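Structure record follows, encoded as structure tokens.
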Amino acid sequence: MNRIKVLALVLAMLPAVVSAQSWKSKTMMTIGDRDITAGEFMGIYEKNNVMGEVLDKKTVDEYLDLFVDFKLKVIEAESLGMDTVTKFRKEFKSYRTQLAKPYFSNDEITEKLMEEAYERMQWDINAAHILVRCDAHAVPADTLKAYQKAMKIRERIMKGEDFNAVAREVSEDPSARDMKEIPGKRRAIKGNSGELGYFSAFDMVYPFESGAYNTKEGEVSMPVRSSFGYHIIKVNSKTPACGIIDAAHIFLKVDENDPTKTDSLVAEKAKNVYKEIDADGKNWDIIVNRYTDDRGTVPNNGRLSSFRVSQIVPEFITVVKGLQPREFSEPVKTDYGYHIIRLINCAGVKDYDEEKENIRKRIEKDMRASVSEEIVMKRLMKDNKFKEYTKVKDAFIASIDSTLTQGAYVVSPAVDANKVIFKIGKDKYTVQNFIDYIVDNQRSEPFLQPAELAYELYADFVKESVFNYEDTHLETKYPEFELLVNEYHDGILLFDLMEKEVWNKAVKDTTGIQNYYEEHKSEYVWGDRVNAIVITTMKPELVDTLNIIVNQDLDFDSVRAIVKGDRKFNNVSVKRLFFQKGDNVDVDAMTWETGKVAVVPSTVDKTTKIYKILDVRKPEPKTFKETRGIVTSAYQAQMEKEWLKMLRGKYQVTVNEKVLEKVKAYYE
């Protein structure tokens with residue numbers, strides 16, 4: 001094909017290509033005086049409805065209304081100046097800083113760090129440590145002193161002294177030793193003797209993590225430096241990683257201030273509860289409901305929120321590691337009480353391809369990110385045409401005297417502060433800019449020469465300037481970054497505006513909430529339930545007497561008065577409670593008729609409960625007090641609907657139907 005034919009073909013294709021792209025930049029709608037392009041709408045629509053898994057995927061028409069409501073709120077917030085207040089600017093800046101971090105990393109170095117982290121994620125480590133504190137910015141002499149102290153401690157251990165005993169004696173981690181109770185401020189805390197429990201990759205600061213993973217099981221590391229100081233690490237065990245753990249438990253609380261919950265009594269009760277569980281665990285749910293003190297887990301049959309090894313006490317993890325799914329343990333003691341643990345699942349670690357994006361995000365927030373910082377800086381200096389005027393820099397630093405190392409820098413009168421010391425892109429940085437940086441960041445460093453400290457500060461100044469320059473140009477260089485930043489900007493504004501115009505107003509409008517409840521009372525109804533007296537005693541010899549009292553034709557107040565008025569009934573509990581089906585195993589088993597009584601002795605301790613049904617309630621409306629939270633939420637939704645109607649009246653919404661049709665066709 002000759003050049004003329006190729007050119008003709010390219011020219012023939014060009015209008016179609018340009019046309020296919022240009023329509024996305026056209027205005028798809030106008031809200032008030034704000035034009036919104038098809039591309040802006042599509043970017044947000046795709047993120048929420050096209051890419052990845054979407055639970056409630058919407059058509060363009062359905063999403064259009066949601067988008068308009070969203071933009072109306074943002075425009076209203078801006079018209080009120082909410083984007084100019086200090087609180088918003090501070091929060092938005094924080095989010096933008098987080099979003100910018102991926103643009104300041106090196107992919108090659110990051111990939112190696114990701115692979116290292118993934119390898120470490122295969123193992124859970126149980127370790128102890130001894131800390132010798134040393135500030136991250138300590139002078140060399142103090143750093144050396146701390147290192148030598150750590151080495152002497154390690155020598156004691158290598159000669160045979162017990163690691164935990166030495167930790168209690170010399171570790172500068174205060175958690176190693178017992179802490180006495182301070183009345184009104186803290187409870188007594190038992191020291192951990194240096195034991196840190198279980199952890200995996202990313203659970204500790206990176207240098208400590210590396211020291212632990214590079215130490216063999218059963219061995220003691222050389223001193224490892226972190227921002228806290230020097231650590232001597234003993235690795236107790238390295239076991240295959242559990243990953244995300246799902247487990248359930250029956251928990252029996254120990255409270256030495258309660259004579260019915262002393263350690264010995266609870267330990268005995270825990271053994272009896274364990275014996276009541278069927279060998280195959282079929283009655284687990286019933287036992288949980290009947291005995292656990294962790295009532296928040298009862299609706300899920302004792303199931304805890306998913307956790308990792310570093311998020312729960314080590315005694316719990318040690319037991320979990322010895323169980324197979326569906327197996328349950330004998331009672332195990334922790335600082336909180338006794339647990340019977342049932343393993344549901346240990347997910348382990350997923351394949352690298354499944355984990356790598358999560359690992360990448362964690363690296364961005366981890367100390368590992370600094371490893372690639374220097375490489376990134378060199379790339380940015382090249383991309384942004386960094387140019388240093390070395391003679392100007394050296395001449396200025398030569399003028400600096402000991403006032404710098406004293407932390408009270410005074411500029412020499414001979415210095416020409418207007419000279420350019422380096423350039424980034426088209427921006428010029430003068431000696432005065434560096435002087436300002438010195439004044440803001442100077443510190444007393446009596447062990448350093450002025451020139452040494454000056455060059456250190458200069459390196460920091462260059463790094464800060466290079467990264468700041470790139471940061472201020474990110475939106476221009478990366479459109480996807482600009483879109484994401486705008487999303488966060490609008491999202492923060494939306495939250496602040498909703499809090500101001502809907503949520504807080506609704507909560508304060510007590511009359512409006514009450515009226516809403518009256519208008520919708522029929523929507524908030526109890527199911528069938530009983531009103532019952534519940535008597536609890538730990539003295540078997542009192543059961544018959546209490547049963548006689550409760551079987552008399554007496555109301556709750558009379559029964560309570562009799563029991564509370566007789567000293568022999570000390571520690572007997574009398575309550576009036578409502579129960580729906582499923583709330584209580586014992587009540588569910590009763591015949592629901594007024595006057596029915598059930599005496600239910602415990603099979604694992606001396607407790608006996610006596611239930612008497614006072615009356616059976618048919619479905620009835622819930623009181624305002626019982627539904628206030630739900631009613632407030634519904635009232636807020638109604639207020640928001642009315643408010644949006646007002647905004648649509650305030651800001652005219654015009655849709656370009658031709659452009660909208662192109663958007664729809666694009667997703668068909």
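Following the order of the structure tokens, chains are lettered A, B, ..., residues in each are numbered from 1, and ligands are numbered from 1.
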
Considering only strand (DSSP E or B) as DSSP defines it on the backbone, what residues of stretch 2-206 of chain A qualify? List them as a PyMOL selection string.
chain A and resi 27-31+34-37+123-133+179+182+186+189+195-199

Near-A:Lys234 list (9 Å; only C-alpha atoms; drop same-chain fewer than 3 positions) as a ChimeraX atom specification
/A:126-130,163,212,215-221

Given the selection you just returned, output its residues as a file containing N, CA, C and O atoms, formatted as an mmCIF file, in the first residue's frame.
data_model
loop_
_atom_site.group_PDB
_atom_site.id
_atom_site.type_symbol
_atom_site.label_atom_id
_atom_site.label_comp_id
_atom_site.auth_asym_id
_atom_site.auth_seq_id
_atom_site.Cartn_x
_atom_site.Cartn_y
_atom_site.Cartn_z
ATOM 1 N N ASN A 126 5.227 -16.408 67.294
ATOM 2 C CA ASN A 126 4.994 -16.098 68.705
ATOM 3 C C ASN A 126 6.355 -15.727 69.278
ATOM 4 O O ASN A 126 7.301 -16.509 69.188
ATOM 5 N N ALA A 127 6.457 -14.496 69.824
ATOM 6 C CA ALA A 127 7.770 -14.021 70.243
ATOM 7 C C ALA A 127 7.682 -13.197 71.516
ATOM 8 O O ALA A 127 6.613 -12.738 71.925
ATOM 9 N N ALA A 128 8.858 -13.005 72.132
ATOM 10 C CA ALA A 128 9.018 -12.115 73.275
ATOM 11 C C ALA A 128 10.145 -11.141 72.946
ATOM 12 O O ALA A 128 10.953 -11.394 72.042
ATOM 13 N N HIS A 129 10.184 -10.026 73.656
ATOM 14 C CA HIS A 129 11.284 -9.075 73.397
ATOM 15 C C HIS A 129 11.687 -8.349 74.668
ATOM 16 O O HIS A 129 10.942 -8.277 75.644
ATOM 17 N N ILE A 130 12.901 -7.807 74.614
ATOM 18 C CA ILE A 130 13.416 -6.898 75.640
ATOM 19 C C ILE A 130 13.785 -5.614 74.903
ATOM 20 O O ILE A 130 14.471 -5.657 73.881
ATOM 21 N N PHE A 163 14.943 -15.718 79.822
ATOM 22 C CA PHE A 163 14.606 -14.533 79.024
ATOM 23 C C PHE A 163 13.517 -13.706 79.695
ATOM 24 O O PHE A 163 13.623 -12.484 79.807
ATOM 25 N N ALA A 212 12.425 -10.532 63.644
ATOM 26 C CA ALA A 212 11.744 -11.742 64.107
ATOM 27 C C ALA A 212 11.763 -12.831 63.038
ATOM 28 O O ALA A 212 12.067 -13.999 63.317
ATOM 29 N N THR A 215 15.085 -14.608 62.501
ATOM 30 C CA THR A 215 15.589 -15.367 63.645
ATOM 31 C C THR A 215 14.919 -16.736 63.664
ATOM 32 O O THR A 215 13.709 -16.838 63.489
ATOM 33 N N LYS A 216 15.686 -17.767 63.867
ATOM 34 C CA LYS A 216 15.138 -19.119 63.850
ATOM 35 C C LYS A 216 14.315 -19.382 65.112
ATOM 36 O O LYS A 216 14.518 -18.759 66.143
ATOM 37 N N GLU A 217 13.397 -20.328 64.993
ATOM 38 C CA GLU A 217 12.555 -20.723 66.119
ATOM 39 C C GLU A 217 13.427 -21.182 67.282
ATOM 40 O O GLU A 217 14.352 -21.984 67.109
ATOM 41 N N GLY A 218 13.150 -20.646 68.474
ATOM 42 C CA GLY A 218 13.894 -21.031 69.670
ATOM 43 C C GLY A 218 15.166 -20.239 69.907
ATOM 44 O O GLY A 218 15.803 -20.396 70.948
ATOM 45 N N GLU A 219 15.529 -19.357 68.964
ATOM 46 C CA GLU A 219 16.763 -18.602 69.096
ATOM 47 C C GLU A 219 16.494 -17.154 69.500
ATOM 48 O O GLU A 219 15.359 -16.680 69.466
ATOM 49 N N VAL A 220 17.578 -16.470 69.885
ATOM 50 C CA VAL A 220 17.504 -15.072 70.314
ATOM 51 C C VAL A 220 18.289 -14.220 69.329
ATOM 52 O O VAL A 220 19.430 -14.543 68.980
ATOM 53 N N SER A 221 17.687 -13.134 68.882
ATOM 54 C CA SER A 221 18.299 -12.280 67.855
ATOM 55 C C SER A 221 19.406 -11.410 68.418
ATOM 56 O O SER A 221 19.501 -11.189 69.634
#

Might you pull out every residue within 7 Å of stretch 323-337 of chain A, with only C-alpha atoms counted and same-chain residues fewer than 3 positions away left off, and present them as a compact mmCIF listing (two decimals) with N, CA and C atoms, in the first residue's frame?
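Ended up saving to around19.txt:
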# COMPACT_ATOMS: atom_id res chain seq x y z
N LEU A 252 -17.26 -17.69 80.21
CA LEU A 252 -17.69 -17.58 81.60
C LEU A 252 -16.75 -16.61 82.31
N LYS A 253 -17.29 -15.49 82.73
CA LYS A 253 -16.49 -14.40 83.28
C LYS A 253 -16.07 -14.66 84.72
N VAL A 254 -14.83 -14.32 85.02
CA VAL A 254 -14.32 -14.37 86.40
C VAL A 254 -14.32 -12.95 86.95
N ALA A 270 -17.25 -24.12 84.32
CA ALA A 270 -16.80 -24.30 82.94
C ALA A 270 -16.62 -25.78 82.61
N LYS A 271 -16.08 -26.54 83.57
CA LYS A 271 -15.93 -27.99 83.35
C LYS A 271 -17.28 -28.66 83.17
N TYR A 274 -18.76 -27.79 79.79
CA TYR A 274 -18.07 -28.58 78.76
C TYR A 274 -18.65 -29.99 78.67
N GLU A 315 -3.39 -17.09 74.50
CA GLU A 315 -3.93 -18.38 74.99
C GLU A 315 -5.04 -18.87 74.07
N VAL A 319 -4.92 -22.40 71.45
CA VAL A 319 -5.98 -23.42 71.40
C VAL A 319 -6.51 -23.57 69.97
N VAL A 320 -6.77 -22.44 69.32
CA VAL A 320 -7.30 -22.47 67.94
C VAL A 320 -6.38 -23.26 67.03
N ILE A 340 -14.68 -21.85 76.28
CA ILE A 340 -14.74 -23.12 75.53
C ILE A 340 -14.81 -22.68 74.08
N ILE A 341 -13.80 -23.03 73.30
CA ILE A 341 -13.62 -22.47 71.96
C ILE A 341 -13.99 -23.49 70.89
N ARG A 342 -14.75 -23.05 69.91
CA ARG A 342 -15.08 -23.90 68.77
C ARG A 342 -14.55 -23.25 67.50
N LEU A 343 -13.70 -23.96 66.79
CA LEU A 343 -13.15 -23.44 65.54
C LEU A 343 -14.17 -23.63 64.42
N ILE A 344 -14.42 -22.56 63.71
CA ILE A 344 -15.29 -22.63 62.52
C ILE A 344 -14.43 -22.78 61.28
N ASN A 345 -13.42 -21.89 61.15
CA ASN A 345 -12.56 -21.98 59.97
C ASN A 345 -11.33 -21.12 60.16

I'd like to know which residues of stretch 136-345 of chain A are alpha helix (DSSP H) (by DSSP, run on the backbone); could you write them as a PyMOL selection string?
chain A and resi 140-158+163-170+206-213+263-276+284-291+314-321

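Non-sequential neighbours of stretch 414-423 of chain A (distance at most 6 Å, separation of 3 or more positions within a chain, only C-alpha atoms) are A:Phe386, A:Lys387, A:Glu388, A:Tyr389, A:Val392, A:Lys393, A:Asp427, A:Lys428, A:Tyr429, A:Thr430, A:Val431, A:Gln432.
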